[in-house]
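Listing of run_1.tsv; format and content: TSV, C-alpha atoms.
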chain	number	residue	atom	x	y	z
A	1	MET	CA	8.72	-120.55	73.86
A	2	ILE	CA	6.44	-119.94	76.84
A	3	SER	CA	6.70	-116.42	78.23
A	4	SER	CA	7.71	-115.96	81.85
A	5	GLU	CA	4.38	-114.34	82.70
A	6	LYS	CA	2.41	-117.22	81.17
A	7	TYR	CA	4.54	-119.72	83.11
A	8	LEU	CA	3.87	-117.87	86.37
A	9	LYS	CA	0.14	-117.63	85.63
A	10	ASP	CA	-0.11	-121.33	84.72
A	11	ALA	CA	1.71	-122.37	87.88
A	12	LEU	CA	-0.58	-120.23	90.05
A	13	ASP	CA	-3.70	-121.43	88.23
A	14	LYS	CA	-2.66	-125.02	88.90
A	15	ARG	CA	-2.36	-124.19	92.61
A	16	ARG	CA	-5.81	-122.59	92.56
A	17	ASN	CA	-7.32	-125.60	90.80
A	18	ASP	CA	-5.91	-128.14	93.25
A	19	GLY	CA	-6.79	-126.04	96.31
A	20	SER	CA	-3.20	-125.31	97.36
A	21	PHE	CA	-3.02	-121.59	96.46
A	22	ARG	CA	-1.45	-119.65	99.33
A	23	THR	CA	-2.28	-116.10	100.40
A	24	LEU	CA	-1.08	-113.90	103.23
A	25	LYS	CA	-3.66	-113.24	105.93
A	26	ILE	CA	-3.96	-110.96	108.92
A	27	LEU	CA	-6.33	-112.48	111.46
A	28	GLN	CA	-6.96	-110.23	114.43
A	29	ASP	CA	-8.81	-110.58	117.72
A	30	MET	CA	-8.46	-114.36	117.74
A	31	VAL	CA	-7.08	-116.73	120.34
A	32	ASP	CA	-3.59	-117.83	119.26
A	33	PHE	CA	-3.43	-121.56	118.56
A	34	CYS	CA	-1.14	-121.32	115.53
A	35	SER	CA	2.09	-119.48	116.39
A	36	ASN	CA	5.38	-121.04	117.52
A	37	ASP	CA	5.53	-118.59	120.45
A	38	TYR	CA	5.15	-121.52	122.86
A	39	LEU	CA	6.23	-119.71	126.03
A	40	GLY	CA	4.70	-116.37	125.15
A	41	PHE	CA	8.05	-114.56	125.07
A	42	SER	CA	6.97	-112.52	122.07
A	43	SER	CA	3.24	-111.98	122.61
A	44	THR	CA	3.09	-111.46	126.38
A	45	GLY	CA	5.74	-108.74	126.47
A	46	SER	CA	8.10	-110.62	128.81
A	47	LEU	CA	10.96	-110.61	126.30
A	48	ARG	CA	10.38	-106.96	125.40
A	49	ALA	CA	10.65	-105.99	129.07
A	50	LYS	CA	13.90	-107.94	129.43
A	51	ILE	CA	15.38	-106.27	126.33
A	52	LEU	CA	14.40	-102.77	127.48
A	53	GLU	CA	15.97	-103.44	130.87
A	54	PHE	CA	19.19	-104.59	129.20
A	55	ASN	CA	19.32	-101.67	126.77
A	56	GLN	CA	19.04	-99.10	129.55
A	57	LYS	CA	22.57	-100.10	130.48
A	58	GLN	CA	23.89	-99.69	126.91
A	59	PRO	CA	21.52	-97.25	125.14
A	60	LYS	CA	24.03	-96.07	122.54
A	61	HIS	CA	24.08	-99.48	120.85
A	62	VAL	CA	20.33	-100.00	120.45
A	63	PHE	CA	19.94	-98.94	116.82
A	64	GLU	CA	23.34	-99.98	115.52
A	65	GLY	CA	23.36	-102.05	112.35
A	66	SER	CA	25.88	-104.81	111.76
A	67	THR	CA	27.36	-102.97	108.71
A	68	GLY	CA	28.55	-106.11	106.94
A	69	SER	CA	29.22	-109.83	107.05
A	70	ARG	CA	30.96	-111.38	110.05
A	71	LEU	CA	34.13	-111.82	108.00
A	72	ILE	CA	34.31	-108.11	107.10
A	73	SER	CA	32.84	-105.57	109.53
A	74	GLY	CA	29.93	-107.43	111.15
A	75	ASN	CA	31.80	-109.27	113.89
A	76	SER	CA	31.90	-107.94	117.46
A	77	ALA	CA	32.84	-108.85	121.00
A	78	ILE	CA	29.10	-109.02	121.78
A	79	THR	CA	28.58	-111.62	119.05
A	80	GLU	CA	31.46	-113.79	120.17
A	81	SER	CA	30.41	-113.52	123.81
A	82	LEU	CA	26.88	-114.62	122.85
A	83	GLU	CA	28.24	-117.62	120.95
A	84	GLU	CA	30.27	-118.66	123.96
A	85	TYR	CA	27.16	-118.40	126.12
A	86	ILE	CA	25.08	-120.45	123.66
A	87	ALA	CA	27.74	-123.18	123.55
A	88	SER	CA	27.87	-123.32	127.35
A	89	PHE	CA	24.08	-123.36	127.69
A	90	HIS	CA	23.75	-126.33	125.34
A	91	ASN	CA	26.83	-128.11	126.69
A	92	ALA	CA	28.71	-127.86	123.39
A	93	GLU	CA	32.31	-127.02	122.60
A	94	SER	CA	31.36	-124.24	120.21
A	95	ALA	CA	28.48	-122.33	118.60
A	96	LEU	CA	28.12	-120.28	115.42
A	97	LEU	CA	25.27	-117.82	114.84
A	98	PHE	CA	23.26	-117.72	111.62
A	99	ASN	CA	20.54	-115.29	110.54
A	100	SER	CA	17.80	-117.95	110.64
A	101	GLY	CA	17.23	-121.65	111.04
A	102	TYR	CA	16.85	-121.87	107.27
A	103	ASP	CA	20.28	-120.28	106.78
A	104	ALA	CA	21.81	-122.61	109.36
A	105	ASN	CA	20.49	-125.75	107.69
A	106	ILE	CA	21.41	-124.51	104.23
A	107	GLY	CA	24.89	-123.72	105.54
A	108	ILE	CA	25.73	-127.02	107.18
A	109	PHE	CA	24.14	-129.41	104.69
A	110	SER	CA	25.44	-127.65	101.57
A	111	SER	CA	29.04	-127.39	102.82
A	112	VAL	CA	29.90	-130.30	105.12
A	113	PRO	CA	28.81	-133.39	103.10
A	114	LYS	CA	30.94	-133.51	99.94
A	115	ARG	CA	30.90	-135.42	96.66
A	116	GLY	CA	31.35	-139.10	97.50
A	117	ASP	CA	29.65	-138.74	100.90
A	118	THR	CA	26.15	-139.96	101.84
A	119	ILE	CA	23.24	-138.33	103.67
A	120	PHE	CA	20.32	-140.27	105.12
A	121	TYR	CA	17.39	-138.12	106.21
A	122	ASP	CA	14.04	-138.74	107.84
A	123	GLU	CA	11.31	-138.31	105.24
A	124	LEU	CA	9.65	-135.60	107.38
A	125	VAL	CA	12.65	-133.31	107.90
A	126	HIS	CA	12.12	-129.60	107.33
A	127	ALA	CA	12.30	-128.05	103.86
A	128	SER	CA	15.44	-126.13	104.87
A	129	ILE	CA	17.29	-129.42	105.45
A	130	ARG	CA	16.09	-130.77	102.11
A	131	ASP	CA	17.18	-127.59	100.33
A	132	GLY	CA	20.60	-127.76	101.97
A	133	ILE	CA	20.95	-131.38	100.87
A	134	ARG	CA	20.06	-130.40	97.29
A	135	LEU	CA	22.94	-127.92	97.30
A	136	SER	CA	25.32	-130.65	98.42
A	137	TYR	CA	27.08	-132.95	95.97
A	138	ALA	CA	26.58	-135.90	98.32
A	139	LYS	CA	24.23	-138.79	97.58
A	140	ALA	CA	21.07	-138.58	99.66
A	141	TYR	CA	18.42	-141.13	100.65
A	142	SER	CA	15.29	-140.70	102.77
A	143	PHE	CA	14.12	-143.24	105.33
A	144	ARG	CA	10.62	-143.77	106.67
A	145	HIS	CA	9.68	-141.48	109.52
A	146	ASN	CA	11.31	-142.55	112.81
A	147	ASP	CA	11.96	-146.00	111.31
A	148	ILE	CA	15.44	-147.13	112.33
A	149	GLU	CA	14.86	-150.57	110.85
A	150	HIS	CA	14.34	-148.98	107.44
A	151	LEU	CA	17.46	-146.86	107.95
A	152	ASN	CA	19.38	-150.01	108.85
A	153	GLY	CA	18.15	-151.62	105.65
A	154	ILE	CA	19.49	-148.85	103.41
A	155	ILE	CA	22.73	-148.05	105.26
A	156	LYS	CA	24.47	-150.43	102.84
A	157	LEU	CA	24.11	-147.67	100.23
A	158	ALA	CA	26.53	-145.48	102.20
A	159	ASN	CA	29.84	-144.28	100.81
A	160	GLY	CA	32.37	-141.81	102.16
A	161	ASN	CA	31.48	-139.83	105.26
A	162	VAL	CA	27.94	-140.64	106.38
A	163	TYR	CA	25.43	-138.16	107.87
A	164	VAL	CA	22.00	-138.82	109.36
A	165	ALA	CA	19.63	-135.83	109.53
A	166	VAL	CA	16.61	-135.66	111.85
A	167	GLU	CA	14.54	-133.20	113.88
A	168	SER	CA	14.24	-133.75	117.62
A	169	VAL	CA	10.62	-132.52	117.43
A	170	TYR	CA	9.01	-132.61	113.99
A	171	SER	CA	7.46	-129.34	112.91
A	172	MET	CA	4.49	-130.79	111.05
A	173	ASN	CA	3.80	-133.83	113.26
A	174	GLY	CA	4.87	-132.64	116.70
A	175	ASP	CA	6.26	-136.06	117.55
A	176	LYS	CA	9.78	-136.73	118.79
A	177	SER	CA	12.69	-138.49	117.14
A	178	PRO	CA	14.05	-141.67	118.85
A	179	LEU	CA	17.34	-139.92	119.55
A	180	LYS	CA	18.85	-142.52	121.89
A	181	GLU	CA	18.37	-145.29	119.36
A	182	LEU	CA	19.55	-143.10	116.49
A	183	ALA	CA	22.67	-142.04	118.39
A	184	ALA	CA	23.51	-145.71	119.07
A	185	PHE	CA	22.85	-146.61	115.44
A	186	CYS	CA	25.12	-143.82	114.18
A	187	GLU	CA	27.84	-144.81	116.63
A	188	ASN	CA	27.69	-148.44	115.46
A	189	ASN	CA	27.71	-147.44	111.79
A	190	ASN	CA	30.32	-144.67	111.96
A	191	ALA	CA	27.73	-142.06	110.93
A	192	ASN	CA	27.44	-138.41	111.99
A	193	LEU	CA	24.10	-137.47	113.56
A	194	ILE	CA	22.77	-133.95	112.86
A	195	VAL	CA	19.75	-132.88	114.93
A	196	ASP	CA	17.54	-129.87	114.23
A	197	GLU	CA	16.28	-128.75	117.67
A	198	ALA	CA	14.11	-125.89	116.36
A	199	HIS	CA	10.90	-126.95	118.13
A	200	ALA	CA	12.61	-128.41	121.20
A	201	THR	CA	14.74	-125.39	122.15
A	202	GLY	CA	13.08	-123.68	125.10
A	203	VAL	CA	10.51	-126.46	125.48
A	204	PHE	CA	12.38	-129.62	126.46
A	205	GLY	CA	15.43	-130.23	128.65
A	206	SER	CA	16.84	-128.37	131.63
A	207	ALA	CA	15.79	-124.70	131.26
A	208	GLY	CA	14.87	-125.52	127.67
A	209	ASN	CA	18.29	-126.64	126.44
A	210	GLY	CA	16.77	-129.19	124.05
A	211	CYS	CA	16.15	-132.91	123.63
A	212	VAL	CA	19.79	-133.85	122.97
A	213	SER	CA	20.94	-132.34	126.25
A	214	ASP	CA	17.90	-133.74	128.05
A	215	LEU	CA	19.06	-137.23	127.03
A	216	ILE	CA	22.76	-136.41	127.67
A	217	LEU	CA	23.67	-137.21	124.07
A	218	GLU	CA	25.77	-134.13	123.32
A	219	LYS	CA	28.97	-136.10	122.72
A	220	LYS	CA	27.19	-138.50	120.35
A	221	VAL	CA	25.74	-135.80	118.08
A	222	PHE	CA	27.84	-134.20	115.36
A	223	ALA	CA	25.84	-130.95	115.20
A	224	ARG	CA	22.67	-129.37	116.57
A	225	ILE	CA	20.66	-126.52	115.10
A	226	HIS	CA	18.93	-124.25	117.65
A	227	THR	CA	16.58	-121.63	116.24
A	228	TYR	CA	15.24	-118.59	118.03
A	229	GLY	CA	12.03	-117.79	116.19
A	230	LYS	CA	10.00	-120.39	118.07
A	231	ALA	CA	9.90	-120.66	121.88
A	232	LEU	CA	12.52	-117.93	122.34
A	233	GLY	CA	10.32	-115.39	120.59
A	234	THR	CA	13.00	-113.66	118.53
A	235	HIS	CA	14.99	-114.48	115.36
A	236	GLY	CA	18.21	-116.16	114.25
A	237	ALA	CA	19.80	-119.54	114.89
A	238	ALA	CA	23.00	-121.23	116.02
A	239	ILE	CA	24.79	-124.43	115.10
A	240	THR	CA	26.45	-126.07	118.08
A	241	GLY	CA	29.21	-128.63	117.77
A	242	SER	CA	32.98	-128.86	117.86
A	243	LYS	CA	35.41	-125.97	117.45
A	244	LEU	CA	36.62	-127.73	114.30
A	245	LEU	CA	33.09	-127.67	112.86
A	246	LYS	CA	32.73	-123.97	113.67
A	247	ASP	CA	36.00	-123.11	111.94
A	248	TYR	CA	34.94	-125.16	108.93
A	249	LEU	CA	31.55	-123.44	108.64
A	250	ILE	CA	33.18	-119.99	108.90
A	251	ASN	CA	35.31	-120.94	105.92
A	252	PHE	CA	32.88	-122.93	103.76
A	253	ALA	CA	29.21	-122.25	104.69
A	254	ARG	CA	28.05	-119.78	102.03
A	255	SER	CA	24.90	-118.77	103.96
A	256	PHE	CA	27.23	-117.59	106.73
A	257	ILE	CA	30.02	-116.07	104.62
A	258	TYR	CA	27.95	-114.09	102.14
A	259	THR	CA	25.26	-112.50	104.30
A	260	THR	CA	25.10	-109.41	106.47
A	261	ALA	CA	25.51	-110.34	110.13
A	262	LEU	CA	22.73	-110.07	112.69
A	263	PRO	CA	22.46	-106.49	114.04
A	264	TYR	CA	22.99	-105.55	117.68
A	265	HIS	CA	19.32	-105.59	118.66
A	266	SER	CA	18.91	-109.16	117.35
A	267	LEU	CA	21.93	-110.33	119.34
A	268	ILE	CA	20.61	-108.72	122.51
A	269	ALA	CA	17.15	-110.19	121.91
A	270	ILE	CA	18.67	-113.69	121.70
A	271	ARG	CA	20.76	-113.14	124.85
A	272	CYS	CA	17.76	-111.81	126.76
A	273	ALA	CA	15.60	-114.71	125.58
A	274	TYR	CA	18.12	-117.16	127.00
A	275	ALA	CA	18.17	-115.22	130.26
A	276	LEU	CA	14.38	-115.35	130.33
A	277	LEU	CA	14.43	-119.13	129.95
A	278	SER	CA	16.12	-119.46	133.34
A	279	GLU	CA	13.22	-117.50	134.87
A	280	SER	CA	10.46	-119.35	133.01
A	281	GLU	CA	10.07	-122.64	134.85
A	282	GLU	CA	6.48	-121.74	135.68
A	283	ALA	CA	5.68	-120.84	132.05
A	284	ASN	CA	7.25	-124.08	130.86
A	285	GLN	CA	5.21	-126.07	133.37
A	286	SER	CA	2.05	-124.25	132.28
A	287	LEU	CA	2.85	-125.12	128.68
A	288	HIS	CA	3.18	-128.83	129.41
A	289	ASN	CA	0.07	-128.80	131.62
A	290	ASN	CA	-1.87	-127.19	128.76
A	291	ILE	CA	-0.60	-129.82	126.32
A	292	LYS	CA	-1.78	-132.61	128.67
A	293	LEU	CA	-5.17	-130.89	129.08
A	294	PHE	CA	-5.68	-130.57	125.33
A	295	LYS	CA	-4.75	-134.22	124.75
A	296	LYS	CA	-7.05	-135.34	127.57
A	297	LEU	CA	-9.97	-133.38	126.10
A	298	LEU	CA	-9.31	-134.47	122.53
A	299	ARG	CA	-8.40	-138.13	122.66
A	300	LYS	CA	-7.54	-139.73	119.33
A	301	ASN	CA	-10.44	-141.79	117.99
A	302	GLU	CA	-11.89	-143.05	114.71
A	303	LYS	CA	-13.51	-139.69	113.98
A	304	ASN	CA	-10.63	-137.56	115.19
A	305	ASN	CA	-7.27	-138.55	113.70
A	306	LEU	CA	-4.97	-136.82	116.21
A	307	ILE	CA	-1.26	-137.54	115.73
A	308	GLU	CA	0.40	-138.73	118.95
A	309	SER	CA	2.58	-135.92	120.32
A	310	SER	CA	3.80	-134.67	123.69
A	311	SER	CA	5.01	-131.38	122.21
A	312	PRO	CA	3.15	-128.08	121.76
A	313	ILE	CA	2.42	-129.12	118.15
A	314	GLN	CA	-0.83	-131.11	117.97
A	315	CYS	CA	-2.06	-132.15	114.53
A	316	ILE	CA	-5.32	-133.59	113.26
A	317	ILE	CA	-5.26	-135.29	109.86
A	318	ILE	CA	-8.07	-134.11	107.54
A	319	PRO	CA	-7.34	-135.45	104.04
A	320	GLY	CA	-7.80	-133.04	101.12
A	321	ASN	CA	-6.85	-129.38	100.81
A	322	GLU	CA	-10.44	-128.19	100.50
A	323	ASN	CA	-11.54	-130.24	103.51
A	324	VAL	CA	-8.80	-129.00	105.83
A	325	ILE	CA	-9.27	-125.39	104.72
A	326	ASP	CA	-12.99	-125.68	105.41
A	327	ALA	CA	-12.33	-127.10	108.88
A	328	ALA	CA	-9.87	-124.30	109.70
A	329	ASN	CA	-12.32	-121.64	108.50
A	330	LYS	CA	-15.05	-123.04	110.76
A	331	ILE	CA	-12.72	-122.99	113.78
A	332	GLN	CA	-11.55	-119.45	112.98
A	333	LYS	CA	-15.17	-118.27	112.85
A	334	LYS	CA	-15.43	-119.38	116.49
A	335	GLY	CA	-12.50	-117.09	117.36
A	336	PHE	CA	-9.61	-119.57	117.42
A	337	ASP	CA	-6.60	-118.99	115.17
A	338	VAL	CA	-5.88	-122.48	113.85
A	339	ARG	CA	-4.29	-122.90	110.42
A	340	PRO	CA	-4.57	-125.62	107.77
A	341	ILE	CA	-1.41	-127.34	106.51
A	342	MET	CA	-1.96	-128.31	102.91
A	343	ASN	CA	-0.33	-130.36	100.21
A	344	PRO	CA	2.42	-129.83	98.95
A	345	THR	CA	3.76	-128.85	102.40
A	346	VAL	CA	2.60	-132.28	103.55
A	347	PRO	CA	1.89	-135.32	101.32
A	348	ALA	CA	-1.48	-135.60	99.60
A	349	GLY	CA	-3.92	-137.33	101.94
A	350	LYS	CA	-1.99	-136.12	105.00
A	351	GLU	CA	-3.35	-132.57	105.09
A	352	ARG	CA	-3.93	-131.43	108.64
A	353	LEU	CA	-4.93	-128.85	111.19
A	354	ARG	CA	-1.77	-127.78	113.02
A	355	ILE	CA	-2.70	-126.66	116.52
A	356	CYS	CA	-0.03	-125.01	118.68
A	357	ILE	CA	-0.52	-124.98	122.43
A	358	HIS	CA	1.04	-122.18	124.51
A	359	SER	CA	1.79	-121.44	128.13
A	360	PHE	CA	-0.55	-118.44	127.96
A	361	ASN	CA	-3.61	-120.27	126.64
A	362	SER	CA	-6.19	-120.42	129.41
A	363	GLU	CA	-7.96	-123.59	130.51
A	364	ASP	CA	-11.27	-122.20	129.25
A	365	GLU	CA	-9.75	-121.38	125.83
A	366	ILE	CA	-8.41	-124.92	125.48
A	367	LYS	CA	-11.72	-126.44	126.55
A	368	MET	CA	-13.67	-124.27	124.09
A	369	LEU	CA	-11.27	-125.13	121.26
A	370	ALA	CA	-11.60	-128.85	122.01
A	371	GLU	CA	-15.39	-128.56	122.04
A	372	THR	CA	-15.33	-126.71	118.72
A	373	ILE	CA	-13.14	-129.40	117.13
A	374	GLU	CA	-15.30	-132.23	118.51
A	375	LYS	CA	-18.34	-130.71	116.80
A	376	LEU	CA	-16.55	-130.88	113.43
A	377	PHE	CA	-16.27	-134.66	113.52
Here is the file; what I need is its structure written in the form of C-alpha cells.
Amino acid sequence: MISSEKYLKDALDKRRNDGSFRTLKILQDMVDFCSNDYLGFSSTGSLRAKILEFNQKQPKHVFEGSTGSRLISGNSAITESLEEYIASFHNAESALLFNSGYDANIGIFSSVPKRGDTIFYDELVHASIRDGIRLSYAKAYSFRHNDIEHLNGIIKLANGNVYVAVESVYSMNGDKSPLKELAAFCENNNANLIVDEAHATGVFGSAGNGCVSDLILEKKVFARIHTYGKALGTHGAAITGSKLLKDYLINFARSFIYTTALPYHSLIAIRCAYALLSESEEANQSLHNNIKLFKKLLRKNEKNNLIESSSPIQCIIIPGNENVIDAANKIQKKGFDVRPIMNPTVPAGKERLRICIHSFNSEDEIKMLAETIEKLF
C-alpha cells in the first residue's frame, strides 16, 4: 500500500517534471495585465469610496457577520432586497445569491439535472461547471467549442430533461458564445440553456447587465450565473431565473443550503458595485477603447497566435508549459504582470499567455506591452 505522503510527493514530482507545478506568487510594482478587475472597481478605489459612503449611513452594521446559513440565521431583509435588485437589473424574475461563482455552478448543475436527464456542455466551460456536472447523476456530453453543428449531431443522445451549458464570454479564450443561435437551437430542441455570465457581467450590455440581456434573450435562457469577483471588484455570485428555479435551489442546492451566508459587508459591496456600474459609462468605454487599441497594435499573424476576442481577455497561444512560462517571465521582467496558463488548465499544445485589458491601463502601457510581446516572436 502506498502511503499518503508518498502519493502526494509522487503527484507533485510529476507536476514538476512536466512543467505544470503551481506556486503562489506576489508580484509587486508591475502594471496589471492579469487581473479580472476590468473596470478598476477594486484597484482604483472607486468601489471602496462607494462602500464607505454607504456605510456612513449604517455604521452599526459594518462588521456584522452572517452568523449562519440562509436557512437558519443568515437571512436578512438586506439580502432579500439585494436579490430583488439583482433580478431587476438583469431583467429576471428572481435571483439567488451564492458565496462564489464556483458555489453557484456547483449548486445548479449538481441539483437541477437528475438521473435520466442529459447535459450538453461546451468543451471550454469553466471547471466549476464541469465539477457541478460530475456531482449530477445526469448523462453529460461535451461538444466542440462554439460548434452548434456538432451539438446538433449529438443531440440524438438526449434523454429526459435536456440542459445546454455555455459561457457568454469564455474565461480562457476571451471569445463569445453564439447565444442567439444557441437559444434558437435550444428552443427547437426543447432544451434548457444555462449561461455563465462571469466575464460579461459589468462589461457587456446596458450598464453591464451581460450578454444575454444585451441580446434580449432573457426569456429564452433557463438560468444565468453572474459573478462579482471580476468586473464588479468584489466577491459572491447570483443565479438569475424563474421564481420556481429559486425555490428549487433553496431546497436542493447543497452549496447554498450547507454554507454560511455572505456577511453584511459582502452584501453591501455587491450593492455598491452595481450602483457604481450605472456611473461607469466612461470607464466601460475606456475599457473597450483599450481592447481595440491592443488588438490594433498586436494583430494576429503567423508568428503571433492571438485568439480572436472582443472581450478584455486576450490570449496568445504558446505551446508547451516551459515555453509559455519563459515568455511570461520575460514580459514580467519588463514590468508587465502577464501570467502563463498551462496544461492541465488548458489542453496540451494550447498553453497561452492570458492578457487582461483594463479601463485603467494607459495608452502608453498598452503600447509598451505590445512592443514587448512583438519582440518575443
Sorted by chain and rising residue number, list the residues of stretch 144-238 of chain A at most 10 Å from stretch 242-254 of chain A (counting only C-alpha atoms), each with its closest atom pair and distance in Å to one decimal, as a tab-separated table.
residue	atom	partner	partner_atom	distance
A:Lys219	CA	A:Ser242	CA	9.6
A:Phe222	CA	A:Ser242	CA	7.8
A:Ala223	CA	A:Ser242	CA	7.9
Can you write out the residues you just picked, keeping C-alpha atoms, as a PDB file, in the frame of the given file?
ATOM      1  CA  LYS A 219      28.970-136.100 122.720  1.00  0.00           C
ATOM      2  CA  PHE A 222      27.840-134.200 115.360  1.00  0.00           C
ATOM      3  CA  ALA A 223      25.840-130.950 115.200  1.00  0.00           C
TER       4      ALA A 223
END
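Pairwise distance (atom CA of A:Gly40, atom CA of A:Ala237) equals 18.5 Å.
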Please list as a PyMOL selection string every residue within 7 Å of A:His145, counting all atoms listed in the file and excluding residues in the same chain fewer than 3 positions away. chain A and resi 122-124
Go ahead and save the residues from that selection, with C-alpha atoms, as an mmCIF file, in the coordinates of the input.
data_model
loop_
_atom_site.group_PDB
_atom_site.id
_atom_site.type_symbol
_atom_site.label_atom_id
_atom_site.label_comp_id
_atom_site.auth_asym_id
_atom_site.auth_seq_id
_atom_site.Cartn_x
_atom_site.Cartn_y
_atom_site.Cartn_z
ATOM 1 C CA ASP A 122 14.040 -138.740 107.840
ATOM 2 C CA GLU A 123 11.310 -138.310 105.240
ATOM 3 C CA LEU A 124 9.650 -135.600 107.380
#
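Taking atom CA of A:Phe256 as the reference point, atom CA of A:Gly132 is found at 13.0 Å.
Ranking A:Leu82, A:Ile355, A:Ala198, A:Ile154 by their shortest atom-to-atom distance to A:Tyr228, with all atoms listed in the file included, puts A:Ala198 first.
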List every residue of stretch 152-232 of chain A that has an atom at most 12 Å from any atom of stretch 359-375 of chain A, giving for each one its closest atom pair and the distance in Å to one decimal, counting all atoms listed in the file, sorted by chain and then by ascending residue number, as CSV.
residue,atom,partner,partner_atom,distance
A:Gly202,CA,A:Ser359,CA,11.9
A:Val203,CA,A:Ser359,CA,10.4
A:Ala231,CA,A:Ser359,CA,10.3
Give me the residues within 10 Å of A:Lys156 as number ranges by chain, counting all atoms listed in the file and dropping any in the same chain fewer than 4 places off. A: 151-152, 189
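The neighbours of stretch 92-95 of chain A here are the residues that come within 8 Å of it, using only C-alpha atoms and leaving out any residue fewer than 6 positions away in the same chain; they are Glu83, Glu84, Ile86, Glu218, Ala238, Ile239, Thr240, Gly241, Ser242, Lys243 and Lys246 of chain A.
Nearest residue to A:Phe377 among A:Asn304, A:Asn323, A:Ser311, A:Asn289 is A:Asn304, counting only C-alpha atoms.
We find atom CA of A:Glu53 and atom CA of A:Phe33 to be spaced 29.3 Å apart.
In this comparison, which uses all atoms listed in the file, the residue of A:Ser309, A:Val125, A:Glu322, A:His235 approaching A:Arg144 most closely is A:Val125.
Compared by their closest atoms to A:Ile268, and using all atoms listed in the file, the residues A:Leu96, A:Ile26, A:Leu47, A:Val212 rank with A:Leu47 nearest.
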Can you check which parts of stretch 76-190 of chain A lie within 12 Å of stretch 347-354 of chain A? Per residue, the shortest pair of atoms and distance in Å to one decimal, counting only C-alpha atoms, sorted by chain and number, as a Markdown table.
| residue | atom | partner | partner_atom | distance |
| --- | --- | --- | --- | --- |
| A:Glu123 | CA | A:Pro347 | CA | 10.6 |
| A:Leu124 | CA | A:Pro347 | CA | 9.8 |
| A:Tyr170 | CA | A:Arg354 | CA | 11.9 |
| A:Ser171 | CA | A:Arg354 | CA | 9.4 |
| A:Met172 | CA | A:Arg354 | CA | 7.2 |
| A:Asn173 | CA | A:Arg354 | CA | 8.2 |
| A:Gly174 | CA | A:Arg354 | CA | 9.0 |
Kindly list the centre and edge lengths in Å, rounded to one decimal, for the axis-aligned box that covers all listed atoms of stretch 33-50 of chain A plus 3 Å on each of its six sides, as AutoDock Vina command-line options.
--center_x 5.2 --center_y -113.8 --center_z 122.5 --size_x 23.3 --size_y 21.6 --size_z 19.9
Residue nearest A:Leu306 - candidates A:Ser73, A:His358, A:Asp175, A:Met30, atoms counted: all atoms listed in the file: A:Asp175
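Closest approach to A:Tyr141 among A:Cys186, A:Ile119, A:Ala327, A:Ser88 is made by A:Ile119 (distances from only C-alpha atoms).
Neighbours of A:Ala269 closer than or equal to 9 Å, with all atoms listed in the file counted and sequence neighbours fewer than 3 positions away skipped, come out as Leu47, Arg48, Lys50, Ile51, Gly233, Thr234, His235, Tyr264, His265, Ser266, Cys272, Ala273 and Tyr274 of chain A.
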Would you mind putting N, CA and C atoms back on stretch 134-145 of chain A and writing the result as a CSV table (one decimal), in the frame of the given file?
chain,number,residue,atom,x,y,z
A,134,ARG,N,20.0,-130.6,98.8
A,134,ARG,CA,20.1,-130.4,97.3
A,134,ARG,C,21.3,-129.6,96.8
A,135,LEU,N,21.8,-128.7,97.7
A,135,LEU,CA,22.9,-127.9,97.3
A,135,LEU,C,24.2,-128.7,97.5
A,136,SER,N,24.1,-129.8,98.2
A,136,SER,CA,25.3,-130.6,98.4
A,136,SER,C,25.5,-131.6,97.2
A,137,TYR,N,26.8,-132.0,97.0
A,137,TYR,CA,27.1,-133.0,96.0
A,137,TYR,C,27.0,-134.4,96.5
A,138,ALA,N,26.6,-134.6,97.7
A,138,ALA,CA,26.6,-135.9,98.3
A,138,ALA,C,25.3,-136.6,97.8
A,139,LYS,N,25.4,-138.0,97.8
A,139,LYS,CA,24.2,-138.8,97.6
A,139,LYS,C,23.3,-138.7,98.8
A,140,ALA,N,22.0,-138.7,98.6
A,140,ALA,CA,21.1,-138.6,99.7
A,140,ALA,C,19.9,-139.6,99.5
A,141,TYR,N,19.5,-140.2,100.6
A,141,TYR,CA,18.4,-141.1,100.6
A,141,TYR,C,17.5,-140.8,101.9
A,142,SER,N,16.2,-140.9,101.6
A,142,SER,CA,15.3,-140.7,102.8
A,142,SER,C,14.9,-142.0,103.4
A,143,PHE,N,14.6,-142.0,104.7
A,143,PHE,CA,14.1,-143.2,105.3
A,143,PHE,C,12.8,-142.9,106.0
A,144,ARG,N,12.0,-144.0,106.1
A,144,ARG,CA,10.6,-143.8,106.7
A,144,ARG,C,10.7,-143.1,108.0
A,145,HIS,N,9.7,-142.3,108.3
A,145,HIS,CA,9.7,-141.5,109.5
A,145,HIS,C,9.9,-142.3,110.8
